[in-house]
Amino acid sequence: MDTHTIYQIEAKLDDFQPVIGRTILINAERSLAYLGYTLISAFGLEGSHLFGFQKSFELFNHQQSYYYLLPEMDLPEFVAHGKQYSVMHTNLSQFFSSSNLNNQFTFQYDFGDNWKISLNVESIETKEIMLHDIPRVTGGSGYGLIEDIGGNSGLHKYIEAFASGDLDHGKPEFSFAKKLGRRQVEQGQEA
């Protein structure tokens with residue numbers, strides 16, 4: 001069995017209550033793209049949208065940010081030259097290398113719904129482990145996320161409609177289940 005560096009990462013959806021989060025173990029040698037698809041899976045998403053990572057920190061009282069995108073895009077109107085990198089060619093140990101209390105790491109998925117998930121490295125451990133055992137979700141809280149629902153506000157509306165039993169009752173704004181091709185069971189019969 002080989003020795004590998006393993007990150008335990010806490011991932012939490014920003015600006016949402018109740019908390020939606022996952023704790024993930026992942027090999028530090030993996031690419032950011034691999035972490036991105038691991039997060040997509042852990043939160044129940046389908047991987048049908050663009051995604052990226054942002055690393056932010058304060059340097060001499062100025063906020064600095066670096067972006068890691070999939071696919072690689074030239075976005076000079078949004079990202080300054082020299083501050084954009086590839087998720088395919090950056091591994092986790094490179095991305096998290098200068099971790100300190102001032103760094104903020106964010107995963108962003110679907111630039112329309114604009115899901116933003118804060119990442120916190122809880123621990124780094126070097127140990128003998130079989131790589132087929134990771135990545136692994138070791139903990140979590142809250143719901144999964146739903147594709148094309150309208151981000152945080154759409155998810156709030158969906159949860160409220162679900163709790164009140166008001167899904168798919170002639171209100172187009174709450175017809176999420178049909179829009180997503182999900183089967184609804186209502187009063188013991190399929191809708």
# chains A, B, ... in the order shown; residues from 1 in each chain; ligands from 1

$ residues_around --residues "Phe95 in chain A" --least-positions-apart "6" --cutoff "12 Å" --atoms "only C-alpha atoms" --output "PyMOL selection string"
chain A and resi 7+28-33+35+53-56+66-68+85-89+103-107+119+121

$ residues_around --residues "Phe43 in chain A" --least-positions-apart "6" --cutoff "10 Å" --atoms "only C-alpha atoms" --output "VMD selection string"
chain A and resid 11 to 13 20 to 22 37 140 142 to 146

$ closest_residue --among "A:Ile124, A:Leu45, A:Ile117, A:Ile159" --to "Ser97 in chain A" --atoms "only C-alpha atoms"
A:Ile124

$ closest_residue --among "A:Ala161, A:Leu69, A:Ile24, A:Val19" --to "Asn120 in chain A" --atoms "only C-alpha atoms"
A:Ile24

$ select_by_dssp --residues "range 15-171 of chain A" --states "alpha helix (DSSP H)" --output "ChimeraX atom specification"
/A:32-42,92-95,151-164

$ select_by_dssp --residues "range 10-170 of chain A" --states "strand (DSSP E)" --output "MDAnalysis selection string"
chainID A and resid 10:13 21:27 51:59 62:70 84:86 104:109 115:128 136:141

$ write_last_selection --atoms "C-alpha atoms" --output "PDB file, in the first residue's frame"
ATOM      1  CA  GLU A  10     -15.562  20.854   4.535  1.00  0.00           C
ATOM      2  CA  ALA A  11     -17.780  22.233   1.748  1.00  0.00           C
ATOM      3  CA  LYS A  12     -20.764  24.471   2.617  1.00  0.00           C
ATOM      4  CA  LEU A  13     -23.280  26.214   0.374  1.00  0.00           C
ATOM      5  CA  GLY A  21     -22.707  20.923   3.581  1.00  0.00           C
ATOM      6  CA  ARG A  22     -20.516  17.910   2.908  1.00  0.00           C
ATOM      7  CA  THR A  23     -17.218  16.654   4.334  1.00  0.00           C
ATOM      8  CA  ILE A  24     -14.981  15.001   1.752  1.00  0.00           C
ATOM      9  CA  LEU A  25     -11.735  13.032   1.883  1.00  0.00           C
ATOM     10  CA  ILE A  26      -9.683  13.399  -1.301  1.00  0.00           C
ATOM     11  CA  ASN A  27      -6.137  12.720  -2.504  1.00  0.00           C
ATOM     12  CA  PHE A  51     -17.609  25.451 -12.965  1.00  0.00           C
ATOM     13  CA  GLY A  52     -14.594  27.052 -11.376  1.00  0.00           C
ATOM     14  CA  PHE A  53     -12.681  27.770  -8.210  1.00  0.00           C
ATOM     15  CA  GLN A  54     -11.641  31.044  -6.661  1.00  0.00           C
ATOM     16  CA  LYS A  55      -8.789  31.551  -4.238  1.00  0.00           C
ATOM     17  CA  SER A  56      -8.922  34.907  -2.445  1.00  0.00           C
ATOM     18  CA  PHE A  57      -6.708  36.499   0.156  1.00  0.00           C
ATOM     19  CA  GLU A  58      -5.687  39.871   1.436  1.00  0.00           C
ATOM     20  CA  LEU A  59      -2.210  41.134   0.645  1.00  0.00           C
ATOM     21  CA  HIS A  62      -5.776  44.683  -0.948  1.00  0.00           C
ATOM     22  CA  GLN A  63      -8.008  41.775  -1.868  1.00  0.00           C
ATOM     23  CA  GLN A  64      -6.349  39.417  -4.371  1.00  0.00           C
ATOM     24  CA  SER A  65      -8.166  36.663  -6.271  1.00  0.00           C
ATOM     25  CA  TYR A  66      -7.075  33.872  -8.578  1.00  0.00           C
ATOM     26  CA  TYR A  67      -9.486  31.892 -10.750  1.00  0.00           C
ATOM     27  CA  TYR A  68      -9.374  28.283 -11.923  1.00  0.00           C
ATOM     28  CA  LEU A  69     -11.984  27.555 -14.593  1.00  0.00           C
ATOM     29  CA  LEU A  70     -13.420  24.681 -16.612  1.00  0.00           C
ATOM     30  CA  GLN A  84      -6.519  32.658 -14.275  1.00  0.00           C
ATOM     31  CA  TYR A  85      -5.396  29.029 -14.194  1.00  0.00           C
ATOM     32  CA  SER A  86      -6.561  25.633 -15.396  1.00  0.00           C
ATOM     33  CA  GLN A 104     -10.849  31.932   1.184  1.00  0.00           C
ATOM     34  CA  PHE A 105     -11.549  29.076  -1.223  1.00  0.00           C
ATOM     35  CA  THR A 106     -14.790  28.904  -3.207  1.00  0.00           C
ATOM     36  CA  PHE A 107     -16.213  26.415  -5.697  1.00  0.00           C
ATOM     37  CA  GLN A 108     -18.696  27.965  -8.125  1.00  0.00           C
ATOM     38  CA  TYR A 109     -21.000  25.821 -10.251  1.00  0.00           C
ATOM     39  CA  TRP A 115     -24.073  28.009  -6.702  1.00  0.00           C
ATOM     40  CA  LYS A 116     -21.197  29.110  -4.444  1.00  0.00           C
ATOM     41  CA  ILE A 117     -19.712  26.599  -2.051  1.00  0.00           C
ATOM     42  CA  SER A 118     -17.069  27.633   0.488  1.00  0.00           C
ATOM     43  CA  LEU A 119     -14.218  25.173   0.994  1.00  0.00           C
ATOM     44  CA  ASN A 120     -12.290  24.761   4.214  1.00  0.00           C
ATOM     45  CA  VAL A 121      -9.386  22.342   4.640  1.00  0.00           C
ATOM     46  CA  GLU A 122     -10.103  20.758   8.016  1.00  0.00           C
ATOM     47  CA  SER A 123      -7.098  18.452   8.062  1.00  0.00           C
ATOM     48  CA  ILE A 124      -4.173  17.211   6.003  1.00  0.00           C
ATOM     49  CA  GLU A 125      -2.913  13.732   6.748  1.00  0.00           C
ATOM     50  CA  THR A 126      -0.244  11.594   5.122  1.00  0.00           C
ATOM     51  CA  LYS A 127      -1.041   7.908   5.471  1.00  0.00           C
ATOM     52  CA  GLU A 128      -1.094   4.558   3.775  1.00  0.00           C
ATOM     53  CA  ARG A 136     -15.345   9.713  -0.083  1.00  0.00           C
ATOM     54  CA  VAL A 137     -18.066  11.772   1.539  1.00  0.00           C
ATOM     55  CA  THR A 138     -17.667  11.234   5.290  1.00  0.00           C
ATOM     56  CA  GLY A 139     -20.353  13.591   6.569  1.00  0.00           C
ATOM     57  CA  GLY A 140     -22.974  16.040   5.544  1.00  0.00           C
ATOM     58  CA  SER A 141     -26.030  18.048   6.353  1.00  0.00           C
TER      59      SER A 141
END
